[in-house]
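Engineer: Contents are PDB, C-alpha atoms and all ligand atoms; file name coords-v2.pdb:
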```pdb
ATOM      1  CA  MET B   1     -19.688  18.938   9.097
ATOM      2  CA  ASN B   2     -16.217  17.520   9.676
ATOM      3  CA  PHE B   3     -14.758  14.038   9.679
ATOM      4  CA  ILE B   4     -11.692  13.724  11.870
ATOM      5  CA  GLU B   5      -9.502  10.653  12.233
ATOM      6  CA  TRP B   6      -7.942  10.686  15.676
ATOM      7  CA  TYR B   7      -4.426   9.387  16.017
ATOM      8  CA  PRO B   8      -2.668   8.870  19.370
ATOM      9  CA  ARG B   9      -2.002  11.848  21.636
ATOM     10  CA  GLY B  10      -4.982  13.822  20.334
ATOM     11  CA  TYR B  11      -3.491  14.374  16.881
ATOM     12  CA  GLY B  12      -6.257  14.626  14.292
ATOM     13  CA  VAL B  13      -6.419  14.566  10.505
ATOM     14  CA  GLY B  14      -9.709  15.778   9.108
ATOM     15  CA  PHE B  15     -11.798  16.797   6.152
ATOM     16  CA  GLU B  16     -14.826  18.979   5.717
ATOM     17  CA  VAL B  17     -17.578  16.653   4.468
ATOM     18  CA  SER B  18     -21.028  17.360   3.070
ATOM     19  CA  GLU B  19     -22.611  13.942   3.592
ATOM     20  CA  ARG B  20     -22.090  10.309   4.413
ATOM     21  CA  LEU B  21     -22.950   8.265   1.340
ATOM     22  CA  TYR B  22     -22.516   4.795   2.841
ATOM     23  CA  ARG B  23     -22.048   3.063   6.135
ATOM     24  CA  GLY B  24     -22.049  -0.660   6.699
ATOM     25  CA  ARG B  25     -20.479  -3.357   8.806
ATOM     26  CA  SER B  26     -18.830  -6.274   6.997
ATOM     27  CA  ALA B  27     -17.667  -9.500   8.623
ATOM     28  CA  TYR B  28     -14.312  -7.782   9.242
ATOM     29  CA  GLN B  29     -14.784  -4.061   9.734
ATOM     30  CA  GLU B  30     -16.913  -0.948   9.501
ATOM     31  CA  ILE B  31     -16.839   0.663   6.061
ATOM     32  CA  GLU B  32     -17.895   4.259   5.328
ATOM     33  CA  VAL B  33     -17.867   6.552   2.303
ATOM     34  CA  TYR B  34     -18.056  10.339   2.693
ATOM     35  CA  GLN B  35     -18.355  13.184   0.239
ATOM     36  CA  THR B  36     -15.610  15.666   1.110
ATOM     37  CA  THR B  37     -15.984  19.258  -0.055
ATOM     38  CA  GLY B  38     -12.444  19.555  -1.455
ATOM     39  CA  PHE B  39     -10.990  16.109  -2.223
ATOM     40  CA  GLY B  40     -13.751  14.026  -3.823
ATOM     41  CA  ARG B  41     -15.095  10.986  -2.020
ATOM     42  CA  MET B  42     -13.348   9.403   0.951
ATOM     43  CA  LEU B  43     -13.168   5.746   1.998
ATOM     44  CA  VAL B  44     -12.976   5.148   5.761
ATOM     45  CA  ILE B  45     -12.462   1.766   7.450
ATOM     46  CA  ASP B  46     -12.918   1.415  11.203
ATOM     47  CA  GLY B  47     -12.679   5.181  11.522
ATOM     48  CA  THR B  48      -9.358   5.411   9.650
ATOM     49  CA  VAL B  49      -8.971   7.255   6.332
ATOM     50  CA  GLN B  50      -8.034   4.870   3.520
ATOM     51  CA  LEU B  51      -8.103   7.333   0.659
ATOM     52  CA  VAL B  52      -9.589  10.450  -0.847
ATOM     53  CA  GLU B  53     -10.261  10.310  -4.588
ATOM     54  CA  GLU B  54      -8.370  13.533  -5.215
ATOM     55  CA  GLY B  55      -5.184  12.598  -3.405
ATOM     56  CA  GLU B  56      -5.009   8.784  -3.496
ATOM     57  CA  LEU B  57      -2.130   8.965  -5.978
ATOM     58  CA  SER B  58       0.036  10.517  -3.248
ATOM     59  CA  TYR B  59      -0.157   7.091  -1.565
ATOM     60  CA  HIS B  60      -0.461   4.632  -4.462
ATOM     61  CA  GLU B  61       2.451   6.096  -6.462
ATOM     62  CA  PRO B  62       5.096   5.963  -3.711
ATOM     63  CA  LEU B  63       3.824   2.536  -2.588
ATOM     64  CA  VAL B  64       4.033   0.849  -5.983
ATOM     65  CA  HIS B  65       6.394   2.560  -8.414
ATOM     66  CA  PRO B  66       9.674   2.746  -6.458
ATOM     67  CA  LEU B  67       9.494  -1.018  -5.782
ATOM     68  CA  LEU B  68       8.705  -1.982  -9.374
ATOM     69  CA  LEU B  69      11.144   0.460 -10.996
ATOM     70  CA  ALA B  70      13.980  -0.947  -8.888
ATOM     71  CA  HIS B  71      13.223  -4.463 -10.160
ATOM     72  CA  PRO B  72      14.830  -5.188 -13.551
ATOM     73  CA  LYS B  73      11.809  -7.154 -14.835
ATOM     74  CA  PRO B  74       8.792  -7.489 -12.555
ATOM     75  CA  ARG B  75       6.819 -10.132 -14.457
ATOM     76  CA  ARG B  76       4.747 -11.661 -11.659
ATOM     77  CA  ALA B  77       3.111  -9.420  -9.060
ATOM     78  CA  LEU B  78       0.949  -9.963  -6.017
ATOM     79  CA  VAL B  79      -1.109  -7.348  -4.171
ATOM     80  CA  ILE B  80      -2.245  -8.161  -0.661
ATOM     81  CA  GLY B  81      -5.253  -6.123   0.452
ATOM     82  CA  GLY B  82      -5.891  -2.924  -1.498
ATOM     83  CA  GLY B  83      -9.527  -3.812  -2.163
ATOM     84  CA  ASP B  84     -10.277  -0.338  -3.542
ATOM     85  CA  GLY B  85      -8.168  -1.353  -6.568
ATOM     86  CA  GLY B  86      -5.814   1.645  -6.592
ATOM     87  CA  THR B  87      -2.664  -0.360  -5.871
ATOM     88  CA  LEU B  88      -3.371  -3.016  -8.502
ATOM     89  CA  ARG B  89      -4.250  -0.278 -10.997
ATOM     90  CA  GLU B  90      -0.760   1.249 -10.524
ATOM     91  CA  VAL B  91       0.940  -2.191 -10.689
ATOM     92  CA  LEU B  92      -0.748  -2.868 -14.032
ATOM     93  CA  ARG B  93       0.651   0.361 -15.487
ATOM     94  CA  HIS B  94       3.975  -1.474 -15.731
ATOM     95  CA  SER B  95       3.949  -3.316 -19.056
ATOM     96  CA  GLU B  96       6.615  -5.737 -17.718
ATOM     97  CA  VAL B  97       3.953  -7.186 -15.417
ATOM     98  CA  GLU B  98       2.563 -10.176 -17.285
ATOM     99  CA  ARG B  99       0.331 -11.391 -14.480
ATOM    100  CA  ALA B 100      -0.867  -9.826 -11.221
ATOM    101  CA  GLU B 101      -3.082 -11.174  -8.479
ATOM    102  CA  MET B 102      -4.899  -9.285  -5.780
ATOM    103  CA  VAL B 103      -5.868 -11.065  -2.570
ATOM    104  CA  GLU B 104      -8.463  -9.105  -0.605
ATOM    105  CA  ILE B 105     -10.039 -10.495   2.531
ATOM    106  CA  ASP B 106     -13.181  -8.369   2.568
ATOM    107  CA  PRO B 107     -15.609  -8.654  -0.372
ATOM    108  CA  GLU B 108     -17.525  -5.663   0.988
ATOM    109  CA  VAL B 109     -14.521  -3.378   0.382
ATOM    110  CA  LEU B 110     -14.481  -4.524  -3.259
ATOM    111  CA  ARG B 111     -18.203  -3.962  -3.673
ATOM    112  CA  VAL B 112     -18.405  -0.585  -1.923
ATOM    113  CA  SER B 113     -15.299   0.722  -3.713
ATOM    114  CA  GLY B 114     -16.656  -0.354  -7.091
ATOM    115  CA  GLU B 115     -20.015   1.210  -6.394
ATOM    116  CA  TYR B 116     -19.025   4.507  -4.752
ATOM    117  CA  LEU B 117     -15.461   5.412  -5.742
ATOM    118  CA  ARG B 118     -13.883   6.436  -9.010
ATOM    119  CA  VAL B 119     -10.524   4.955  -8.085
ATOM    120  CA  ALA B 120     -10.602   1.757 -10.116
ATOM    121  CA  SER B 121     -14.248   0.869 -10.674
ATOM    122  CA  GLU B 122     -13.789  -0.577 -14.170
ATOM    123  CA  LEU B 123     -10.822  -2.661 -13.000
ATOM    124  CA  LEU B 124     -12.853  -3.974 -10.050
ATOM    125  CA  ARG B 125     -15.744  -4.831 -12.360
ATOM    126  CA  GLN B 126     -13.428  -6.808 -14.641
ATOM    127  CA  LEU B 127     -11.813  -8.597 -11.707
ATOM    128  CA  LEU B 128     -15.129  -9.573 -10.171
ATOM    129  CA  ALA B 129     -16.300 -10.860 -13.552
ATOM    130  CA  GLY B 130     -12.999 -12.723 -14.042
ATOM    131  CA  GLU B 131     -12.515 -10.822 -17.294
ATOM    132  CA  HIS B 132      -9.193  -9.052 -16.864
ATOM    133  CA  PRO B 133      -6.496 -10.234 -19.308
ATOM    134  CA  ARG B 134      -3.545  -9.777 -16.923
ATOM    135  CA  ALA B 135      -5.037  -9.702 -13.424
ATOM    136  CA  GLY B 136      -6.902 -12.045 -11.131
ATOM    137  CA  LEU B 137      -8.755 -11.681  -7.856
ATOM    138  CA  VAL B 138      -8.755 -13.966  -4.847
ATOM    139  CA  VAL B 139     -11.186 -13.151  -2.059
ATOM    140  CA  GLY B 140      -9.503 -14.436   1.066
ATOM    141  CA  SER B 141      -6.767 -13.928   3.615
ATOM    142  CA  GLY B 142      -3.420 -12.798   2.225
ATOM    143  CA  ALA B 143      -1.609 -14.696   4.962
ATOM    144  CA  ASP B 144      -3.377 -17.975   4.092
ATOM    145  CA  TYR B 145      -2.821 -17.402   0.399
ATOM    146  CA  LEU B 146       0.938 -16.925   0.803
ATOM    147  CA  ALA B 147       1.641 -19.729   3.258
ATOM    148  CA  GLY B 148       3.515 -22.490   1.498
ATOM    149  CA  ARG B 149       4.161 -20.633  -1.769
ATOM    150  CA  ASP B 150       7.707 -20.845  -3.020
ATOM    151  CA  GLY B 151       9.550 -18.618  -5.499
ATOM    152  CA  GLU B 152       6.499 -17.382  -7.391
ATOM    153  CA  TYR B 153       6.571 -13.584  -7.345
ATOM    154  CA  ASP B 154       8.975 -10.863  -8.444
ATOM    155  CA  VAL B 155       7.144  -8.218  -6.447
ATOM    156  CA  ILE B 156       4.660  -8.363  -3.579
ATOM    157  CA  VAL B 157       2.845  -5.211  -2.444
ATOM    158  CA  ALA B 158       0.919  -5.127   0.826
ATOM    159  CA  ASP B 159      -1.717  -2.404   0.945
ATOM    160  CA  SER B 160      -3.305  -3.085   4.302
ATOM    161  CA  THR B 161      -5.048  -1.221   7.061
ATOM    162  CA  ASP B 162      -3.067  -0.387  10.201
ATOM    163  CA  PRO B 163      -1.300  -3.136  12.169
ATOM    164  CA  VAL B 164      -4.284  -3.521  14.506
ATOM    165  CA  GLY B 165      -7.439  -5.459  13.637
ATOM    166  CA  PRO B 166      -7.630  -7.809  10.658
ATOM    167  CA  ALA B 167      -4.266  -6.660   9.246
ATOM    168  CA  ALA B 168      -2.143  -7.325  12.370
ATOM    169  CA  VAL B 169      -1.030 -10.712  11.031
ATOM    170  CA  LEU B 170       0.522  -8.959   7.995
ATOM    171  CA  PHE B 171       3.148  -7.392  10.279
ATOM    172  CA  SER B 172       4.297 -10.625  11.982
ATOM    173  CA  GLY B 173       7.621 -12.417  11.602
ATOM    174  CA  GLU B 174       5.817 -15.544  10.428
ATOM    175  CA  PHE B 175       4.122 -13.616   7.625
ATOM    176  CA  TYR B 176       7.433 -11.998   6.567
ATOM    177  CA  ARG B 177       8.978 -15.480   6.325
ATOM    178  CA  ASP B 178       6.103 -16.595   4.069
ATOM    179  CA  VAL B 179       6.557 -13.475   1.921
ATOM    180  CA  TYR B 180      10.301 -14.118   1.628
ATOM    181  CA  ARG B 181       9.741 -17.712   0.531
ATOM    182  CA  ALA B 182       7.075 -16.686  -1.984
ATOM    183  CA  LEU B 183       9.472 -14.261  -3.703
ATOM    184  CA  ARG B 184      11.646 -15.273  -6.619
ATOM    185  CA  PRO B 185      15.393 -14.623  -6.250
ATOM    186  CA  GLY B 186      15.986 -10.886  -6.736
ATOM    187  CA  GLY B 187      12.377 -10.153  -5.774
ATOM    188  CA  ALA B 188      11.095  -7.636  -3.262
ATOM    189  CA  TYR B 189       8.261  -6.771  -0.909
ATOM    190  CA  VAL B 190       6.806  -3.404   0.115
ATOM    191  CA  THR B 191       4.332  -2.505   2.832
ATOM    192  CA  GLN B 192       2.907   0.668   4.245
ATOM    193  CA  ALA B 193       4.133   1.021   7.830
ATOM    194  CA  GLY B 194       2.126   3.772   9.509
ATOM    195  CA  SER B 195       2.747   7.366  10.483
ATOM    196  CA  VAL B 196       6.430   8.217  10.936
ATOM    197  CA  TYR B 197       5.713  10.435  13.954
ATOM    198  CA  LEU B 198       2.623   8.850  15.492
ATOM    199  CA  PHE B 199       3.328   5.139  14.989
ATOM    200  CA  THR B 200       7.107   5.300  15.327
ATOM    201  CA  ASP B 201       7.257   2.258  17.614
ATOM    202  CA  GLU B 202       5.181   0.124  15.219
ATOM    203  CA  PHE B 203       7.285   1.325  12.275
ATOM    204  CA  ALA B 204      10.563   0.593  14.087
ATOM    205  CA  SER B 205       9.494  -2.838  15.275
ATOM    206  CA  ALA B 206       8.219  -3.840  11.811
ATOM    207  CA  TYR B 207      11.581  -2.655  10.425
ATOM    208  CA  ARG B 208      13.514  -4.788  12.898
ATOM    209  CA  ARG B 209      11.289  -7.815  12.281
ATOM    210  CA  MET B 210      11.796  -7.495   8.524
ATOM    211  CA  ARG B 211      15.551  -7.265   9.021
ATOM    212  CA  GLN B 212      15.511 -10.684  10.635
ATOM    213  CA  VAL B 213      13.985 -12.190   7.498
ATOM    214  CA  PHE B 214      14.975 -10.294   4.328
ATOM    215  CA  ASP B 215      18.488  -9.973   2.895
ATOM    216  CA  ARG B 216      18.190  -6.181   2.799
ATOM    217  CA  VAL B 217      15.598  -3.784   4.215
ATOM    218  CA  TRP B 218      14.954  -0.128   3.370
ATOM    219  CA  ALA B 219      12.774   2.339   5.251
ATOM    220  CA  TYR B 220      11.360   5.376   3.458
ATOM    221  CA  SER B 221       8.598   7.926   3.805
ATOM    222  CA  PHE B 222       6.322  10.131   1.759
ATOM    223  CA  PRO B 223       3.777  12.874   2.528
ATOM    224  CA  VAL B 224       0.339  11.357   1.847
ATOM    225  CA  ILE B 225      -2.838  13.439   1.492
ATOM    226  CA  GLY B 226      -5.291  12.293   4.151
ATOM    227  CA  TYR B 227      -2.856  10.521   6.487
ATOM    228  CA  ALA B 228      -0.787  11.847   9.415
ATOM    229  CA  SER B 229       2.272  12.486   7.268
ATOM    230  CA  PRO B 230       5.023  11.740   6.608
ATOM    231  CA  TRP B 231       3.878   8.161   6.066
ATOM    232  CA  ALA B 232       6.264   5.227   6.433
ATOM    233  CA  PHE B 233       6.977   2.406   3.996
ATOM    234  CA  LEU B 234       9.252  -0.646   4.284
ATOM    235  CA  VAL B 235      10.911  -2.643   1.528
ATOM    236  CA  GLY B 236      12.418  -6.100   1.975
ATOM    237  CA  GLY B 237      14.673  -7.473  -0.753
ATOM    238  CA  LYS B 238      15.635 -11.052  -1.588
ATOM    239  CA  GLY B 239      19.048 -11.827  -3.067
ATOM    240  CA  GLY B 240      20.479  -9.073  -5.254
ATOM    241  CA  TYR B 241      17.464  -6.753  -5.277
ATOM    242  CA  ASP B 242      18.675  -3.154  -4.953
ATOM    243  CA  PHE B 243      15.997  -0.623  -3.993
ATOM    244  CA  GLU B 244      18.380   2.296  -4.400
ATOM    245  CA  ARG B 245      18.650   1.910  -8.182
ATOM    246  CA  VAL B 246      15.570   2.674 -10.269
ATOM    247  CA  ASP B 247      15.135   2.413 -14.025
ATOM    248  CA  LEU B 248      14.658   6.018 -15.134
ATOM    249  CA  GLU B 249      13.902   5.021 -18.701
ATOM    250  CA  ARG B 250      10.882   2.950 -17.681
ATOM    251  CA  ALA B 251       9.895   5.684 -15.207
ATOM    252  CA  GLY B 252       9.675   8.175 -18.055
ATOM    253  CA  GLY B 253       6.619   6.438 -19.480
ATOM    254  CA  LEU B 254       4.597   6.595 -16.287
ATOM    255  CA  GLU B 255       3.808  10.327 -16.037
ATOM    256  CA  LEU B 256       3.896  10.447 -12.274
ATOM    257  CA  GLU B 257       2.372  13.224 -10.218
ATOM    258  CA  TYR B 258       3.907  12.715  -6.756
ATOM    259  CA  TYR B 259       6.810  10.246  -6.633
ATOM    260  CA  ASP B 260       9.782  11.573  -8.598
ATOM    261  CA  PRO B 261      12.141   8.782  -9.746
ATOM    262  CA  GLU B 262      14.801  11.383 -10.676
ATOM    263  CA  ARG B 263      14.902  12.244  -6.980
ATOM    264  CA  HIS B 264      14.509   8.688  -5.689
ATOM    265  CA  ALA B 265      17.128   9.278  -2.984
ATOM    266  CA  THR B 266      14.856  11.844  -1.282
ATOM    267  CA  LEU B 267      12.581   8.948  -0.255
ATOM    268  CA  PHE B 268      15.162   7.939   2.326
ATOM    269  CA  GLN B 269      15.142  11.222   4.240
ATOM    270  CA  LEU B 270      13.868  10.377   7.702
ATOM    271  CA  PRO B 271      13.970  12.621  10.767
ATOM    272  CA  ARG B 272      17.205  12.049  12.685
ATOM    273  CA  GLY B 273      15.513  10.816  15.860
ATOM    274  CA  VAL B 274      13.448   8.304  13.890
ATOM    275  CA  ARG B 275      16.565   6.985  12.136
ATOM    276  CA  GLN B 276      18.185   6.516  15.523
ATOM    277  CA  GLN B 277      15.143   4.620  16.736
ATOM    278  CA  LEU B 278      15.380   2.328  13.714
ATOM    279  CA  GLY B 279      18.954   1.645  14.709
ATOM    280  CA  GLY B 280      21.164   3.694  12.360
TER     281      GLY B 280
HETATM  282  N1  LIG B 301      -4.377   1.495   2.957
HETATM  283  C1  LIG B 301      -4.361   1.953   4.294
HETATM  284  C2  LIG B 301      -3.291   2.891   4.695
HETATM  285  C3  LIG B 301      -3.312   3.144   6.165
HETATM  286  C4  LIG B 301      -4.150   4.291   6.588
HETATM  287  N2  LIG B 301      -4.097   4.436   8.012
HETATM  288  C5  LIG B 301      -4.699   5.411   8.696
HETATM  289  N3  LIG B 301      -5.344   6.352   8.077
HETATM  290  N4  LIG B 301      -4.630   5.410   9.994
HETATM  291  C6  LIG B 301      -4.908   2.406   2.037
HETATM  292  C7  LIG B 301      -5.786   1.805   1.073
HETATM  293  C8  LIG B 301      -5.682   2.515  -0.224
HETATM  294  N5  LIG B 301      -5.555   1.628  -1.308
END
```
I'd like the structure from this file rewritten - as structure tokens, please.
Structural biologist:
Amino acid sequence: MNFIEWYPRGYGVGFEVSERLYRGRSAYQEIEVYQTTGFGRMLVIDGTVQLVEEGELSYHEPLVHPLLLAHPKPRRALVIGGGDGGTLREVLRHSEVERAEMVEIDPEVLRVSGEYLRVASELLRQLLAGEHPRAGLVVGSGADYLAGRDGEYDVIVADSTDPVGPAAVLFSGEFYRDVYRALRPGGAYVTQAGSVYLFTDEFASAYRRMRQVFDRVWAYSFPVIGYASPWAFLVGGKGGYDFERVDLERAGGLELEYYDPERHATLFQLPRGVRQQLGG
């Protein structure tokens, strides 16, 4: 049996699966968990692959660590979405982070991830019980949570589904303005931004929208297991934040498997045509 996620133009990304372990409809979306034969369990939302257990680090590492290693002291962190817990788990590996919050809109994603996936089940249990010493959980809309906040966070990480459905608001100019205001001076924001080749228009328009709001914007990509790769990411900086300079000493303690801080500059390699579409 196969599970295939269909992207535009008949491009598919698939896994051989032995069974479906869960399927349910929450107030926001359809959630499924499959057993793949080669990559552990797989979380699928509205037919799109969110992660495979044996490969999720190829997404969570390049999403979280470049942003935090380029910040001199990321003390306060916010994760928007990421209800499986993988993004917050990576954020908390940075000992500079004194306090992190996760705002997830869909309690069913938290429950199903905790029950079926070995991504961050102990972390999710602690969050749901309000027992984590450095992290807190808010069940609600990230956009509502951020509106009106001013200068509170050093780093904000958005780990959302694609820019259609419940996450569309997280790619709007209004949301980017709220993010910018919520950052402390020298702070920065990162978001996943879709498939470089298959969602190029969405990627390019999110890039341009972010450029209207942030002081500096960087586009980068990484090959992610389970997604139509390379996958795009966008960083928006406030004030003097410099995404091109990472702290290699701090990086040394992280024992990374995919993202290589020594070769940080390779993140910025984008196909020539895509660069042109972004506008140079
Ligand atoms: N967040 C979703 C990434 C987007 C996947 N899109 C797709 N397959 N079309 C991943 C959640 C992992 N914490």
Engineer: Near region 51-59 of chain B, within 6 Å and counting all atoms listed in the file, which residues show up once chain neighbours fewer than 4 positions away are dropped, as an MDAnalysis selection string?
Structural biologist: chainID B and resid 39:43 224:225 258
Engineer: With a cut-off of 8 Å, could you pull out the residues of chain B touching ligand LIG 301 (chain B) and give me the nearest pair of atoms for each, distance in Å to one decimal, using all atoms listed in the file, ordered by chain and ascending number, as JSON lines?
Structural biologist:
```
{"residue": "B:Glu5", "atom": "CA", "partner": "B:LIG301", "partner_atom": "N3", "distance": 7.3}
{"residue": "B:Tyr7", "atom": "CA", "partner": "B:LIG301", "partner_atom": "N4", "distance": 7.2}
{"residue": "B:Thr48", "atom": "CA", "partner": "B:LIG301", "partner_atom": "N3", "distance": 4.4}
{"residue": "B:Val49", "atom": "CA", "partner": "B:LIG301", "partner_atom": "N3", "distance": 4.1}
{"residue": "B:Gln50", "atom": "CA", "partner": "B:LIG301", "partner_atom": "C6", "distance": 4.2}
{"residue": "B:Leu51", "atom": "CA", "partner": "B:LIG301", "partner_atom": "C8", "distance": 5.5}
{"residue": "B:Glu56", "atom": "CA", "partner": "B:LIG301", "partner_atom": "C8", "distance": 7.1}
{"residue": "B:Tyr59", "atom": "CA", "partner": "B:LIG301", "partner_atom": "C8", "distance": 7.3}
{"residue": "B:His60", "atom": "CA", "partner": "B:LIG301", "partner_atom": "N5", "distance": 6.7}
{"residue": "B:Gly81", "atom": "CA", "partner": "B:LIG301", "partner_atom": "N5", "distance": 8.0}
{"residue": "B:Gly82", "atom": "CA", "partner": "B:LIG301", "partner_atom": "N5", "distance": 4.6}
{"residue": "B:Gly83", "atom": "CA", "partner": "B:LIG301", "partner_atom": "N5", "distance": 6.8}
{"residue": "B:Asp84", "atom": "CA", "partner": "B:LIG301", "partner_atom": "N5", "distance": 5.6}
{"residue": "B:Gly85", "atom": "CA", "partner": "B:LIG301", "partner_atom": "N5", "distance": 6.6}
{"residue": "B:Gly86", "atom": "CA", "partner": "B:LIG301", "partner_atom": "N5", "distance": 5.3}
{"residue": "B:Thr87", "atom": "CA", "partner": "B:LIG301", "partner_atom": "N5", "distance": 5.8}
{"residue": "B:Asp159", "atom": "CA", "partner": "B:LIG301", "partner_atom": "N1", "distance": 5.1}
{"residue": "B:Ser160", "atom": "CA", "partner": "B:LIG301", "partner_atom": "N1", "distance": 4.9}
{"residue": "B:Thr161", "atom": "CA", "partner": "B:LIG301", "partner_atom": "C1", "distance": 4.3}
{"residue": "B:Asp162", "atom": "CA", "partner": "B:LIG301", "partner_atom": "C3", "distance": 5.4}
{"residue": "B:Gln192", "atom": "CA", "partner": "B:LIG301", "partner_atom": "C2", "distance": 6.6}
{"residue": "B:Ala193", "atom": "CA", "partner": "B:LIG301", "partner_atom": "C3", "distance": 7.9}
{"residue": "B:Gly194", "atom": "CA", "partner": "B:LIG301", "partner_atom": "C3", "distance": 6.4}
{"residue": "B:Ser195", "atom": "CA", "partner": "B:LIG301", "partner_atom": "N4", "distance": 7.6}
{"residue": "B:Gly226", "atom": "CA", "partner": "B:LIG301", "partner_atom": "N3", "distance": 7.1}
{"residue": "B:Tyr227", "atom": "CA", "partner": "B:LIG301", "partner_atom": "N3", "distance": 5.1}
{"residue": "B:Ala228", "atom": "CA", "partner": "B:LIG301", "partner_atom": "N3", "distance": 7.3}
```
Engineer: Can I get the selected residues back with C-alpha atoms, as a PDB file, in the frame of the given file?
Structural biologist:
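Produced file part03.pdb, reproduced below:
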```pdb
ATOM      1  CA  GLU B   5      -9.502  10.653  12.233  1.00  0.00           C
ATOM      2  CA  TYR B   7      -4.426   9.387  16.017  1.00  0.00           C
ATOM      3  CA  THR B  48      -9.358   5.411   9.650  1.00  0.00           C
ATOM      4  CA  VAL B  49      -8.971   7.255   6.332  1.00  0.00           C
ATOM      5  CA  GLN B  50      -8.034   4.870   3.520  1.00  0.00           C
ATOM      6  CA  LEU B  51      -8.103   7.333   0.659  1.00  0.00           C
ATOM      7  CA  GLU B  56      -5.009   8.784  -3.496  1.00  0.00           C
ATOM      8  CA  TYR B  59      -0.157   7.091  -1.565  1.00  0.00           C
ATOM      9  CA  HIS B  60      -0.461   4.632  -4.462  1.00  0.00           C
ATOM     10  CA  GLY B  81      -5.253  -6.123   0.452  1.00  0.00           C
ATOM     11  CA  GLY B  82      -5.891  -2.924  -1.498  1.00  0.00           C
ATOM     12  CA  GLY B  83      -9.527  -3.812  -2.163  1.00  0.00           C
ATOM     13  CA  ASP B  84     -10.277  -0.338  -3.542  1.00  0.00           C
ATOM     14  CA  GLY B  85      -8.168  -1.353  -6.568  1.00  0.00           C
ATOM     15  CA  GLY B  86      -5.814   1.645  -6.592  1.00  0.00           C
ATOM     16  CA  THR B  87      -2.664  -0.360  -5.871  1.00  0.00           C
ATOM     17  CA  ASP B 159      -1.717  -2.404   0.945  1.00  0.00           C
ATOM     18  CA  SER B 160      -3.305  -3.085   4.302  1.00  0.00           C
ATOM     19  CA  THR B 161      -5.048  -1.221   7.061  1.00  0.00           C
ATOM     20  CA  ASP B 162      -3.067  -0.387  10.201  1.00  0.00           C
ATOM     21  CA  GLN B 192       2.907   0.668   4.245  1.00  0.00           C
ATOM     22  CA  ALA B 193       4.133   1.021   7.830  1.00  0.00           C
ATOM     23  CA  GLY B 194       2.126   3.772   9.509  1.00  0.00           C
ATOM     24  CA  SER B 195       2.747   7.366  10.483  1.00  0.00           C
ATOM     25  CA  GLY B 226      -5.291  12.293   4.151  1.00  0.00           C
ATOM     26  CA  TYR B 227      -2.856  10.521   6.487  1.00  0.00           C
ATOM     27  CA  ALA B 228      -0.787  11.847   9.415  1.00  0.00           C
TER      28      ALA B 228
END
```
Engineer: Taking into account all atoms listed in the file, which residue in the set B:Val139, B:Pro261, B:Arg275, B:Ala120 is nearest to Asp201 (chain B)?
Structural biologist: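 Ranked by minimum distance to Asp201 (chain B), first place goes to B:Arg275.
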Engineer: Nearest residue to Pro230 (chain B) out of B:Val196, B:Gln212, B:Tyr176, B:Leu248, using all atoms listed in the file?
Structural biologist: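 Residue with the minimum atom-to-atom distance to Pro230 (chain B): B:Val196.
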Engineer: Could you check which residues have any atom within 10 Å of (9.7, 5.3, -7.6), counting all atoms listed in the file with coordinates taken straight from the file, and then list them as a list in words?
Structural biologist: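 The requested residues, written out, are Glu61, Pro62, Leu63, Val64, His65, Pro66, Leu67, Leu68, Leu69, Ala70, Phe243, Glu244, Arg245, Val246, Asp247, Leu248, Ala251, Leu256, Tyr258, Tyr259, Asp260, Pro261, Glu262, Arg263, His264, Ala265 and Leu267 of chain B.
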Engineer: Taking all atoms listed in the file into account, produce a table as a tab-separated table in which each residue of region 250-272 of chain B with an atom at most 10 Å from an atom of region 88-107 of chain B appears once, together with its shortest atom pair and the distance in Å to one decimal, ordered by chain and rising number.
Structural biologist:
```
residue	atom	partner	partner_atom	distance
B:Arg250	CA	B:His94	CA	8.4
B:Ala251	CA	B:His94	CA	9.3
B:Gly253	CA	B:His94	CA	9.1
B:Leu254	CA	B:Arg93	CA	7.4
```
Engineer: Take CA of Ile31 (chain B) and CA of Leu110 (chain B) and report the distance between them in Å, one decimal.
Structural biologist: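 Interatomic distance here is 10.9 Å.
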Engineer: Counting only C-alpha atoms, which of B:Arg23, B:Arg184, B:Arg75, B:Arg111 gets nearest to Ala135 (chain B)?
Structural biologist: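 With only C-alpha atoms as the atom set, the closest residue is B:Arg75.
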Engineer: Measure the distance from CA of Ile4 (chain B) to CA of Gly47 (chain B) in Å and round it to one decimal.
Structural biologist: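 Going from CA of Ile4 (chain B) over to CA of Gly47 (chain B), I get 8.6 Å.
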Engineer: To one decimal place in Å, what is the distance between CA of Trp218 (chain B) and CA of Val235 (chain B)?
Structural biologist: 5.1 Å
Engineer: Under the PyMOL selection byres (((chain B and resi 236-239) around 6) and not hetatm), which residues of this model are included? Write them out as a tab-separated table (two decimals) with C-alpha atoms, in the coordinates of the input.
Structural biologist:
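So expr_36.tsv came out as:
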```tsv
chain	number	residue	atom	x	y	z
B	185	PRO	CA	15.39	-14.62	-6.25
B	186	GLY	CA	15.99	-10.89	-6.74
B	187	GLY	CA	12.38	-10.15	-5.77
B	188	ALA	CA	11.10	-7.64	-3.26
B	189	TYR	CA	8.26	-6.77	-0.91
B	214	PHE	CA	14.98	-10.29	4.33
B	215	ASP	CA	18.49	-9.97	2.90
B	216	ARG	CA	18.19	-6.18	2.80
B	217	VAL	CA	15.60	-3.78	4.22
B	235	VAL	CA	10.91	-2.64	1.53
B	240	GLY	CA	20.48	-9.07	-5.25
B	241	TYR	CA	17.46	-6.75	-5.28
```
Engineer: Excluding Asn2 (chain B) and any residue of its chain fewer than 2 positions from it, enumerate the residues within 10 Å of it, using all atoms listed in the file, and give them as a list of chain:residue names.
Structural biologist: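 Counting only the stated atoms, we get B:Ile4, B:Glu5, B:Gly14, B:Phe15, B:Glu16, B:Val17, B:Ser18, B:Glu19, B:Thr36, B:Thr37.
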